[in-house]
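What follows is my_file-v3.cif (mmCIF, C-alpha atoms).
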data_start
loop_
_atom_site.label_atom_id
_atom_site.label_comp_id
_atom_site.auth_asym_id
_atom_site.auth_seq_id
_atom_site.Cartn_x
_atom_site.Cartn_y
_atom_site.Cartn_z
CA MET A 1 219.83 199.40 -13.68
CA ASP A 2 218.66 198.35 -10.22
CA GLU A 3 216.38 195.38 -9.48
CA PHE A 4 213.26 197.52 -9.14
CA SER A 5 213.78 199.44 -12.37
CA ALA A 6 214.64 196.28 -14.30
CA ALA A 7 211.46 194.52 -13.18
CA ASN A 8 209.34 197.58 -13.95
CA LEU A 9 210.91 197.91 -17.40
CA ALA A 10 210.09 194.29 -18.24
CA ASN A 11 206.57 194.79 -16.91
CA TRP A 12 206.01 197.98 -18.91
CA ASN A 13 207.46 196.55 -22.10
CA ASN A 14 204.91 193.76 -21.70
CA ARG A 15 202.07 196.22 -21.02
CA ALA A 16 203.09 198.42 -23.96
CA GLU A 17 202.70 195.52 -26.37
CA LEU A 18 199.20 194.82 -25.04
CA HIS A 19 198.14 198.46 -24.90
CA ALA A 20 199.36 199.16 -28.44
CA SER A 21 196.86 196.55 -29.65
CA ASP A 22 194.24 197.56 -27.09
CA THR A 23 191.14 195.35 -27.25
CA THR A 24 189.07 197.41 -24.80
CA GLY A 25 188.98 200.91 -26.30
CA SER A 26 190.57 202.36 -23.17
CA TYR A 27 193.33 204.10 -25.06
CA ARG A 28 191.10 205.65 -27.75
CA ILE A 29 193.54 204.62 -30.45
CA ALA A 30 191.19 205.06 -33.41
CA LYS A 31 190.22 208.53 -32.24
CA VAL A 32 193.84 209.68 -32.03
CA LEU A 33 194.79 208.11 -35.36
CA GLY A 34 191.91 210.07 -36.87
CA GLY A 35 193.37 213.36 -35.64
CA GLY A 36 191.40 213.55 -32.40
CA SER A 37 192.35 213.51 -28.74
CA SER A 38 192.56 210.84 -26.05
CA LEU A 39 192.52 213.40 -23.23
CA HIS A 40 189.64 213.33 -20.75
CA ALA A 41 187.42 216.24 -19.78
CA LEU A 42 189.41 216.82 -16.58
CA GLU A 43 192.71 217.32 -18.36
CA MET A 44 191.09 219.44 -21.04
CA GLY A 45 189.59 221.72 -18.41
CA GLU A 46 192.83 222.22 -16.49
CA ILE A 47 195.76 222.36 -18.91
CA GLY A 48 194.87 225.82 -20.21
CA ASP A 49 195.73 227.21 -23.62
CA ILE A 50 198.47 225.13 -25.24
CA SER A 51 198.33 226.77 -28.66
CA GLY A 52 201.82 227.34 -30.00
CA LYS A 53 203.51 225.73 -26.98
CA ASP A 54 206.45 223.32 -27.02
CA ILE A 55 205.39 220.47 -24.74
CA VAL A 56 207.28 217.53 -23.26
CA HIS A 57 205.25 214.54 -22.11
CA LEU A 58 207.26 212.78 -19.43
CA GLN A 59 206.60 209.04 -19.04
CA CYS A 60 204.55 209.16 -22.22
CA HIS A 61 203.97 205.38 -22.53
CA ILE A 62 202.67 204.60 -26.06
CA GLY A 63 202.38 208.27 -26.95
CA LEU A 64 198.67 208.70 -27.60
CA ASP A 65 198.28 211.64 -25.21
CA THR A 66 201.47 213.11 -26.68
CA LEU A 67 199.94 213.06 -30.17
CA SER A 68 196.69 214.42 -28.73
CA LEU A 69 198.49 217.50 -27.41
CA LYS A 70 199.78 218.15 -30.93
CA HIS A 71 196.27 217.70 -32.34
CA LEU A 72 195.00 220.21 -29.77
CA GLY A 73 197.33 222.95 -31.03
CA ALA A 74 200.77 222.51 -29.49
CA ALA A 75 203.59 223.81 -31.67
CA SER A 76 205.70 220.76 -30.96
CA VAL A 77 205.46 217.66 -28.78
CA THR A 78 208.13 215.37 -27.39
CA GLY A 79 207.40 212.16 -25.50
CA LEU A 80 209.91 210.45 -23.21
CA ASP A 81 209.64 206.95 -21.74
CA PHE A 82 212.04 204.29 -20.47
CA SER A 83 210.27 201.48 -22.33
CA ASP A 84 211.65 200.68 -25.78
CA LYS A 85 208.42 198.86 -26.68
CA ALA A 86 206.37 201.91 -25.70
CA ILE A 87 208.52 204.27 -27.75
CA GLU A 88 208.37 201.90 -30.71
CA ALA A 89 204.56 201.91 -30.49
CA ALA A 90 204.45 205.70 -30.08
CA ARG A 91 206.52 206.25 -33.20
CA ASP A 92 204.31 203.86 -35.14
CA PHE A 93 201.16 205.69 -34.00
CA ALA A 94 202.69 209.04 -35.01
CA LYS A 95 203.47 207.67 -38.47
CA ARG A 96 199.99 206.21 -38.87
CA ALA A 97 198.34 209.43 -37.69
CA GLY A 98 200.55 211.61 -39.89
CA THR A 99 201.43 213.66 -36.82
CA HIS A 100 204.89 215.14 -36.31
CA ALA A 101 206.19 214.19 -32.87
CA ARG A 102 209.54 213.35 -31.33
CA PHE A 103 209.87 210.32 -29.06
CA VAL A 104 212.91 209.65 -26.87
CA GLN A 105 213.72 206.49 -24.95
CA ALA A 106 215.44 207.28 -21.65
CA SER A 107 215.04 207.04 -17.90
CA LEU A 108 213.00 209.88 -16.44
CA TYR A 109 215.99 210.82 -14.30
CA ASP A 110 218.13 211.23 -17.45
CA ALA A 111 215.56 213.39 -19.24
CA PRO A 112 217.40 216.75 -19.30
CA ALA A 113 220.44 215.28 -21.05
CA ALA A 114 218.44 212.90 -23.24
CA LEU A 115 216.09 215.62 -24.46
CA GLY A 116 218.73 218.30 -24.97
CA GLN A 117 216.26 221.17 -24.99
CA SER A 118 213.71 222.98 -22.81
CA TYR A 119 209.96 223.39 -23.10
CA ASP A 120 206.99 225.63 -22.35
CA MET A 121 205.09 222.84 -20.60
CA ALA A 122 205.75 219.48 -18.95
CA PHE A 123 202.75 217.16 -19.05
CA VAL A 124 202.62 214.26 -16.53
CA THR A 125 199.43 212.28 -16.07
CA TRP A 126 197.84 209.09 -14.71
CA GLY A 127 200.09 206.45 -13.23
CA ALA A 128 203.48 208.10 -13.65
CA ILE A 129 205.15 209.14 -10.41
CA ASN A 130 204.07 206.04 -8.46
CA TRP A 131 206.72 204.14 -10.45
CA LEU A 132 209.50 206.48 -9.31
CA GLN A 133 211.60 205.99 -6.19
CA ASP A 134 212.94 209.53 -5.81
CA ILE A 135 210.28 212.25 -5.96
CA LYS A 136 212.78 215.02 -5.23
CA ALA A 137 214.86 214.01 -8.24
CA TRP A 138 211.67 213.92 -10.34
CA ALA A 139 210.85 217.50 -9.37
CA ARG A 140 214.36 218.65 -10.24
CA VAL A 141 213.99 217.01 -13.66
CA VAL A 142 210.69 218.83 -14.23
CA ALA A 143 212.29 222.17 -13.43
CA ALA A 144 215.34 221.37 -15.57
CA VAL A 145 213.33 220.62 -18.73
CA LEU A 146 211.22 223.79 -18.45
CA ARG A 147 212.09 227.24 -19.72
CA PRO A 148 211.78 230.13 -17.24
CA GLY A 149 208.04 230.68 -16.91
CA GLY A 150 207.33 227.16 -18.21
CA ARG A 151 204.47 225.22 -16.64
CA LEU A 152 203.95 221.75 -15.20
CA TYR A 153 200.62 220.00 -15.39
CA LEU A 154 200.49 216.93 -13.13
CA LEU A 155 197.39 214.72 -12.82
CA GLU A 156 197.69 211.56 -10.77
CA GLY A 157 195.94 208.91 -8.77
CA HIS A 158 195.67 210.20 -5.21
CA PRO A 159 198.13 208.71 -2.71
CA GLN A 160 195.26 208.23 -0.24
CA MET A 161 193.47 206.05 -2.79
CA ASN A 162 196.67 204.07 -3.28
CA GLN A 163 196.72 203.16 0.40
CA TYR A 164 193.49 201.16 0.11
CA GLU A 165 192.41 197.76 -1.16
CA MET A 166 188.80 196.70 -1.75
CA ARG A 167 188.11 193.59 0.34
CA ASP A 168 184.69 191.97 0.63
CA GLY A 169 183.07 195.08 -0.80
CA ARG A 170 184.71 197.45 1.67
CA LEU A 171 187.71 199.75 1.42
CA GLU A 172 190.42 198.67 3.83
CA LEU A 173 193.57 200.58 4.67
CA ALA A 174 196.39 198.37 3.44
CA TYR A 175 199.55 200.46 2.90
CA ASP A 176 201.51 203.17 4.67
CA TRP A 177 201.04 206.75 3.51
CA ARG A 178 204.69 207.06 2.41
CA THR A 179 206.83 204.32 0.82
CA PRO A 180 210.57 204.26 1.63
CA GLU A 181 212.77 204.36 -1.47
CA ALA A 182 214.47 201.07 -0.60
CA GLU A 183 211.25 199.27 0.40
CA PRO A 184 208.76 199.58 -2.47
CA LEU A 185 205.35 198.00 -2.62
CA VAL A 186 205.52 194.71 -4.52
CA PHE A 187 202.76 193.56 -6.88
CA ASP A 188 202.34 190.54 -9.12
CA GLU A 189 199.46 191.24 -11.47
CA ALA A 190 198.17 188.68 -13.96
CA GLN A 191 196.57 191.27 -16.25
CA THR A 192 196.93 194.93 -17.09
CA TYR A 193 194.53 197.61 -15.83
CA THR A 194 192.51 198.11 -19.03
CA GLY A 195 190.40 194.99 -18.62
CA ASP A 196 192.26 193.22 -21.44
CA GLU A 197 191.89 189.48 -20.84
CA ARG A 198 195.34 188.66 -22.21
CA SER A 199 197.84 187.69 -19.54
CA LEU A 200 201.01 189.53 -18.59
CA THR A 201 204.14 187.42 -18.82
CA HIS A 202 206.23 189.81 -16.69
CA ARG A 203 203.97 190.33 -13.68
CA ARG A 204 206.29 191.61 -10.94
CA ASN A 205 206.31 195.40 -10.47
CA TYR A 206 207.33 197.84 -7.77
CA GLU A 207 205.59 201.07 -6.76
CA TRP A 208 205.96 203.94 -4.30
CA ILE A 209 203.30 206.03 -2.59
CA HIS A 210 204.31 209.71 -2.47
CA PRO A 211 202.19 211.95 -0.20
CA VAL A 212 200.85 215.11 -1.81
CA SER A 213 202.95 217.13 0.63
CA ASP A 214 206.12 215.40 -0.61
CA VAL A 215 205.24 216.10 -4.25
CA VAL A 216 204.38 219.75 -3.64
CA GLY A 217 207.36 220.24 -1.34
CA ALA A 218 209.71 218.71 -3.91
CA LEU A 219 208.41 221.03 -6.63
CA ILE A 220 208.84 224.10 -4.41
CA ALA A 221 212.37 223.03 -3.47
CA ALA A 222 213.16 222.64 -7.18
CA GLY A 223 212.20 226.25 -7.85
CA MET A 224 208.61 225.79 -8.95
CA ARG A 225 205.71 228.03 -7.89
CA ILE A 226 202.48 226.18 -7.14
CA ASP A 227 199.59 227.68 -9.11
CA PHE A 228 196.86 225.25 -8.03
CA LEU A 229 196.26 222.01 -6.18
CA HIS A 230 192.97 220.22 -6.82
CA GLU A 231 191.60 216.96 -5.43
CA HIS A 232 188.96 214.90 -7.24
CA GLU A 233 186.54 212.09 -6.31
CA PHE A 234 187.07 210.12 -9.53
CA VAL A 235 189.73 208.45 -11.66
CA VAL A 236 189.72 207.32 -15.29
CA TRP A 237 190.01 203.59 -14.67
CA HIS A 238 188.32 200.97 -12.48
CA ALA A 239 190.64 201.42 -9.51
CA PHE A 240 188.38 199.27 -7.32
CA PRO A 241 185.69 196.67 -8.05
CA GLY A 242 182.17 198.08 -8.11
CA MET A 243 183.08 201.61 -9.20
CA ILE A 244 180.44 203.49 -11.18
CA GLU A 245 180.92 205.53 -14.33
CA VAL A 246 180.23 209.25 -13.86
CA GLY A 247 180.95 210.46 -17.40
CA ASP A 248 183.75 210.57 -19.99
CA ASP A 249 185.37 207.36 -18.72
CA GLN A 250 185.50 208.77 -15.18
CA PHE A 251 184.81 206.37 -12.33
CA ALA A 252 183.74 207.03 -8.73
CA LEU A 253 183.14 204.90 -5.66
CA PRO A 254 179.59 203.51 -5.42
CA PRO A 255 176.93 205.09 -3.17
CA GLY A 256 177.42 204.15 0.46
CA SER A 257 181.23 204.05 0.23
CA PRO A 258 183.28 206.52 2.27
CA ARG A 259 184.24 209.50 0.13
CA ILE A 260 188.00 209.78 -0.34
CA PRO A 261 190.02 211.70 -2.93
CA LEU A 262 190.81 209.41 -5.86
CA SER A 263 192.95 211.76 -7.92
CA TYR A 264 194.65 215.13 -7.70
CA SER A 265 196.16 217.70 -10.02
CA VAL A 266 198.89 220.27 -9.63
CA GLY A 267 199.73 223.27 -11.78
CA ALA A 268 203.15 224.83 -11.22
CA THR A 269 205.39 227.37 -12.92
CA ARG A 270 209.17 227.51 -13.08
CA ALA A 271 210.48 230.77 -11.71
CA GLY A 272 211.76 233.08 -14.45
#

Written as structure tokens, how would this file's structure read?
Amino acid sequence: MDEFSAANLANWNNRAELHASDTTGSYRIAKVLGGGSSLHALEMGEIGDISGKDIVHLQCHIGLDTLSLKHLGAASVTGLDFSDKAIEAARDFAKRAGTHARFVQASLYDAPAALGQSYDMAFVTWGAINWLQDIKAWARVVAAVLRPGGRLYLLEGHPQMNQYEMRDGRLELAYDWRTPEAEPLVFDEAQTYTGDERSLTHRRNYEWIHPVSDVVGALIAAGMRIDFLHEHEFVVWHAFPGMIEVGDDQFALPPGSPRIPLSYSVGATRAG
């Protein structure tokens, strides 16, 4: 494992332990354990009919969205994540919810071999691909785990948003629009993004900004047909100080701020 992946694994194992005992309500744990869903209105409106589908949730973290997909009618759900602490938490949540789900610990890049089967849908949402160096390899993995005619649903923070920092109440351009694989952005964060006041002990993490064109181009090159590309002016966490809630845990920039896309979603189908 390289230096970047090792640091990110330690960081995400640390986050998984905090998120699994979430003190803020961000992860909607009680709702999922009661047979409900942690998905937001945006995802619900875009994923389409999943009844009877076999779904793989790539980079599933602690598995709450994975279980939600099962609660919403999927025939089967499989979650994959590189964090052993996250997979441990996901399996515990599945047991407590009484929900049948499979969880696999493996690197995203090893997913086809680790999973050993193909699916009707790949589900990838919120803070997933920014942790990956190689977006072309990611797209090939997506295509490899889908059956012919299988669909991808991707929902992510917008790369334009990720270029900015809020400084003195104003958005300032801080990062290049594309991050070289060997030169990731470096962050040392004292706390996780949920607002939990507990401190992280493994703070160093590395991220990459992937332009929308790179993501879409990689999917096309991997044999995927793009069905839709949507951009949105909100995200589901406080990405910047001063953001305002606009419904269902969705947050937008305050009045008077320049309007920029904060998230985007892609639907794609593997050629059959």

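For A:Arg259, the list of residues within 12 Å, based on all atoms listed in the file and with local chain neighbours fewer than 2 positions off taken out, reads Gln160, Met161, Leu171, Glu231, His232, Glu233, Phe234, Ala252, Leu253, Pro254, Pro255, Gly256, Ser257, Pro261 and Leu262 of chain A.
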
Could the residues in this selection be written to a file with C-alpha atoms, as an mmCIF file, in the frame of the given file?
data_model
loop_
_atom_site.group_PDB
_atom_site.id
_atom_site.type_symbol
_atom_site.label_atom_id
_atom_site.label_comp_id
_atom_site.auth_asym_id
_atom_site.auth_seq_id
_atom_site.Cartn_x
_atom_site.Cartn_y
_atom_site.Cartn_z
ATOM 1 C CA GLN A 160 195.260 208.230 -0.240
ATOM 2 C CA MET A 161 193.470 206.050 -2.790
ATOM 3 C CA LEU A 171 187.710 199.750 1.420
ATOM 4 C CA GLU A 231 191.600 216.960 -5.430
ATOM 5 C CA HIS A 232 188.960 214.900 -7.240
ATOM 6 C CA GLU A 233 186.540 212.090 -6.310
ATOM 7 C CA PHE A 234 187.070 210.120 -9.530
ATOM 8 C CA ALA A 252 183.740 207.030 -8.730
ATOM 9 C CA LEU A 253 183.140 204.900 -5.660
ATOM 10 C CA PRO A 254 179.590 203.510 -5.420
ATOM 11 C CA PRO A 255 176.930 205.090 -3.170
ATOM 12 C CA GLY A 256 177.420 204.150 0.460
ATOM 13 C CA SER A 257 181.230 204.050 0.230
ATOM 14 C CA PRO A 261 190.020 211.700 -2.930
ATOM 15 C CA LEU A 262 190.810 209.410 -5.860
#

message = For the provided coordinates, the residues matched by the PyMOL selection byres ((chain A and resi 70) around 10) should be stated as a list in words.
response = Gly35, Gly36, Ser37, Ile50, Ser51, Gly52, Lys53, Asp54, Ile55, Asp65, Thr66, Leu67, Ser68, Leu69, His71, Leu72, Gly73, Ala74, Ala75, Ser76, Val77, Thr78, Thr99, His100 and Ala101 of chain A

Could you list the residues chosen by the PyMOL selection byres ((chain A and resi 187) around 7) in this structure as a PyMOL selection string? chain A and resi 185-186+188-189+204-206

Excluding stretch 116-130 of chain A and residues on its chain fewer than 6 positions from it, collect all residues at most 7 Å away from it, counting only C-alpha atoms, and give them as an NGL selection string. :A and (53-59 or 142 or 145-147 or 150-157 or 207-209)

Just so the selection is clear, what residues does the PyMOL selection byres ((chain A and resi 221-223) around 12) cover here, as JSON, numbers by chain? {"A": [135, 136, 137, 138, 139, 140, 141, 142, 143, 144, 145, 146, 147, 148, 149, 150, 151, 152, 213, 214, 215, 216, 217, 218, 219, 220, 224, 225, 226, 268, 269, 270, 271, 272]}

Residues just named, written with C-alpha atoms as a JSON list (two decimals), in the frame of the given file:
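out_28.json written:
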[["chain", "number", "residue", "atom", "x", "y", "z"],
["A", 135, "ILE", "CA", 210.28, 212.25, -5.96],
["A", 136, "LYS", "CA", 212.78, 215.02, -5.23],
["A", 137, "ALA", "CA", 214.86, 214.01, -8.24],
["A", 138, "TRP", "CA", 211.67, 213.92, -10.34],
["A", 139, "ALA", "CA", 210.85, 217.50, -9.37],
["A", 140, "ARG", "CA", 214.36, 218.65, -10.24],
["A", 141, "VAL", "CA", 213.99, 217.01, -13.66],
["A", 142, "VAL", "CA", 210.69, 218.83, -14.23],
["A", 143, "ALA", "CA", 212.29, 222.17, -13.43],
["A", 144, "ALA", "CA", 215.34, 221.37, -15.57],
["A", 145, "VAL", "CA", 213.33, 220.62, -18.73],
["A", 146, "LEU", "CA", 211.22, 223.79, -18.45],
["A", 147, "ARG", "CA", 212.09, 227.24, -19.72],
["A", 148, "PRO", "CA", 211.78, 230.13, -17.24],
["A", 149, "GLY", "CA", 208.04, 230.68, -16.91],
["A", 150, "GLY", "CA", 207.33, 227.16, -18.21],
["A", 151, "ARG", "CA", 204.47, 225.22, -16.64],
["A", 152, "LEU", "CA", 203.95, 221.75, -15.20],
["A", 213, "SER", "CA", 202.95, 217.13, 0.63],
["A", 214, "ASP", "CA", 206.12, 215.40, -0.61],
["A", 215, "VAL", "CA", 205.24, 216.10, -4.25],
["A", 216, "VAL", "CA", 204.38, 219.75, -3.64],
["A", 217, "GLY", "CA", 207.36, 220.24, -1.34],
["A", 218, "ALA", "CA", 209.71, 218.71, -3.91],
["A", 219, "LEU", "CA", 208.41, 221.03, -6.63],
["A", 220, "ILE", "CA", 208.84, 224.10, -4.41],
["A", 224, "MET", "CA", 208.61, 225.79, -8.95],
["A", 225, "ARG", "CA", 205.71, 228.03, -7.89],
["A", 226, "ILE", "CA", 202.48, 226.18, -7.14],
["A", 268, "ALA", "CA", 203.15, 224.83, -11.22],
["A", 269, "THR", "CA", 205.39, 227.37, -12.92],
["A", 270, "ARG", "CA", 209.17, 227.51, -13.08],
["A", 271, "ALA", "CA", 210.48, 230.77, -11.71],
["A", 272, "GLY", "CA", 211.76, 233.08, -14.45]]

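Nearest to A:Pro184 of all the residues A:Phe4, A:Ala86, A:Ala114, A:Val32 is A:Phe4, based on only C-alpha atoms.
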
Between A:Ile29, A:Ala190, A:Ala16, A:Leu42, smallest distance to A:Cys60 by only C-alpha atoms belongs to A:Ala16

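For the choices A:Pro211, A:Pro112, A:Pro180, A:Gly63, the atom-to-atom distance to A:Leu33 is smallest for A:Gly63 when using only C-alpha atoms.
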
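Nearest to A:Gln250 of all the residues A:Ile87, A:Leu39, A:Leu18, A:Ala10 is A:Leu39, counting only C-alpha atoms.
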
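The gap separating atom CA of A:Gln163 from atom CA of A:His210 is 10.4 Å, in Å to one decimal.
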
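As for atom CA of A:Glu17 and atom CA of A:Asp92, they are spaced 12.2 Å apart.
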
One decimal place gives the atom CA of A:His40-atom CA of A:Arg198 separation as 25.4 Å

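Take the candidates A:Ser5, A:Thr179, A:Thr192, A:Gln133 and check each one against A:His238 using only C-alpha atoms; the shortest distance goes to A:Thr192.
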
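With distances taken over all atoms listed in the file, A:Ile62 is the one residue among A:Ile62, A:Ile47, A:Leu115, A:Ala41 lying closest to A:His19.
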
Taking 6 positions as the minimum chain separation for residues in the same chain, which residues sit within 9 Å of A:Arg28 when counting all atoms listed in the file? Answer as a PDB file with C-alpha atoms, in the frame of the given file.
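selection35.pdb, written as the output of this step:
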ATOM      1  CA  ASP A  22     194.240 197.560 -27.090  1.00  0.00           C
ATOM      2  CA  SER A  37     192.350 213.510 -28.740  1.00  0.00           C
ATOM      3  CA  SER A  38     192.560 210.840 -26.050  1.00  0.00           C
ATOM      4  CA  LEU A  64     198.670 208.700 -27.600  1.00  0.00           C
TER       5      LEU A  64
END

Is it possible to add N, CA, C and O atoms to stretch 229-244 of chain A and hand it back as an mmCIF file, in the frame of the given file?
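File produced: selection-v2.cif:
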data_model
loop_
_atom_site.group_PDB
_atom_site.id
_atom_site.type_symbol
_atom_site.label_atom_id
_atom_site.label_comp_id
_atom_site.auth_asym_id
_atom_site.auth_seq_id
_atom_site.Cartn_x
_atom_site.Cartn_y
_atom_site.Cartn_z
ATOM 1 N N LEU A 229 196.288 223.388 -6.657
ATOM 2 C CA LEU A 229 196.260 222.010 -6.180
ATOM 3 C C LEU A 229 194.796 221.625 -6.047
ATOM 4 O O LEU A 229 194.076 222.221 -5.240
ATOM 5 N N HIS A 230 194.355 220.665 -6.833
ATOM 6 C CA HIS A 230 192.970 220.220 -6.820
ATOM 7 C C HIS A 230 192.891 218.739 -6.478
ATOM 8 O O HIS A 230 193.756 217.960 -6.899
ATOM 9 N N GLU A 231 191.856 218.366 -5.732
ATOM 10 C CA GLU A 231 191.600 216.960 -5.430
ATOM 11 C C GLU A 231 190.240 216.587 -6.025
ATOM 12 O O GLU A 231 189.320 217.391 -6.043
ATOM 13 N N HIS A 232 190.140 215.329 -6.510
ATOM 14 C CA HIS A 232 188.960 214.900 -7.240
ATOM 15 C C HIS A 232 188.462 213.556 -6.704
ATOM 16 O O HIS A 232 189.259 212.724 -6.267
ATOM 17 N N GLU A 233 187.133 213.335 -6.806
ATOM 18 C CA GLU A 233 186.540 212.090 -6.310
ATOM 19 C C GLU A 233 186.363 211.053 -7.409
ATOM 20 O O GLU A 233 185.497 210.187 -7.317
ATOM 21 N N PHE A 234 187.166 211.118 -8.458
ATOM 22 C CA PHE A 234 187.070 210.120 -9.530
ATOM 23 C C PHE A 234 188.441 209.899 -10.149
ATOM 24 O O PHE A 234 189.360 210.703 -9.996
ATOM 25 N N VAL A 235 188.558 208.772 -10.843
ATOM 26 C CA VAL A 235 189.730 208.450 -11.660
ATOM 27 C C VAL A 235 189.231 207.997 -13.019
ATOM 28 O O VAL A 235 188.021 207.906 -13.238
ATOM 29 N N VAL A 236 190.142 207.684 -13.941
ATOM 30 C CA VAL A 236 189.720 207.320 -15.290
ATOM 31 C C VAL A 236 189.905 205.829 -15.570
ATOM 32 O O VAL A 236 189.971 205.404 -16.721
ATOM 33 N N TRP A 237 189.996 205.033 -14.518
ATOM 34 C CA TRP A 237 190.010 203.590 -14.670
ATOM 35 C C TRP A 237 189.297 202.969 -13.483
ATOM 36 O O TRP A 237 189.028 203.630 -12.487
ATOM 37 N N HIS A 238 188.970 201.681 -13.581
ATOM 38 C CA HIS A 238 188.320 200.970 -12.480
ATOM 39 C C HIS A 238 189.372 200.665 -11.408
ATOM 40 O O HIS A 238 189.942 199.568 -11.379
ATOM 41 N N ALA A 239 189.628 201.619 -10.541
ATOM 42 C CA ALA A 239 190.640 201.420 -9.510
ATOM 43 C C ALA A 239 190.216 200.373 -8.490
ATOM 44 O O ALA A 239 191.074 199.690 -7.908
ATOM 45 N N PHE A 240 188.913 200.251 -8.259
ATOM 46 C CA PHE A 240 188.380 199.270 -7.320
ATOM 47 C C PHE A 240 187.174 198.575 -7.954
ATOM 48 O O PHE A 240 186.459 199.189 -8.764
ATOM 49 N N PRO A 241 186.905 197.332 -7.578
ATOM 50 C CA PRO A 241 185.690 196.670 -8.050
ATOM 51 C C PRO A 241 184.445 197.449 -7.614
ATOM 52 O O PRO A 241 184.415 198.030 -6.530
ATOM 53 N N GLY A 242 183.436 197.461 -8.469
ATOM 54 C CA GLY A 242 182.170 198.080 -8.110
ATOM 55 C C GLY A 242 182.084 199.570 -8.353
ATOM 56 O O GLY A 242 181.071 200.202 -8.032
ATOM 57 N N MET A 243 183.132 200.177 -8.920
ATOM 58 C CA MET A 243 183.080 201.610 -9.200
ATOM 59 C C MET A 243 182.033 201.895 -10.273
ATOM 60 O O MET A 243 181.719 201.051 -11.106
ATOM 61 N N ILE A 244 181.484 203.113 -10.233
ATOM 62 C CA ILE A 244 180.440 203.490 -11.180
ATOM 63 C C ILE A 244 180.955 204.578 -12.113
ATOM 64 O O ILE A 244 181.761 205.419 -11.720
#
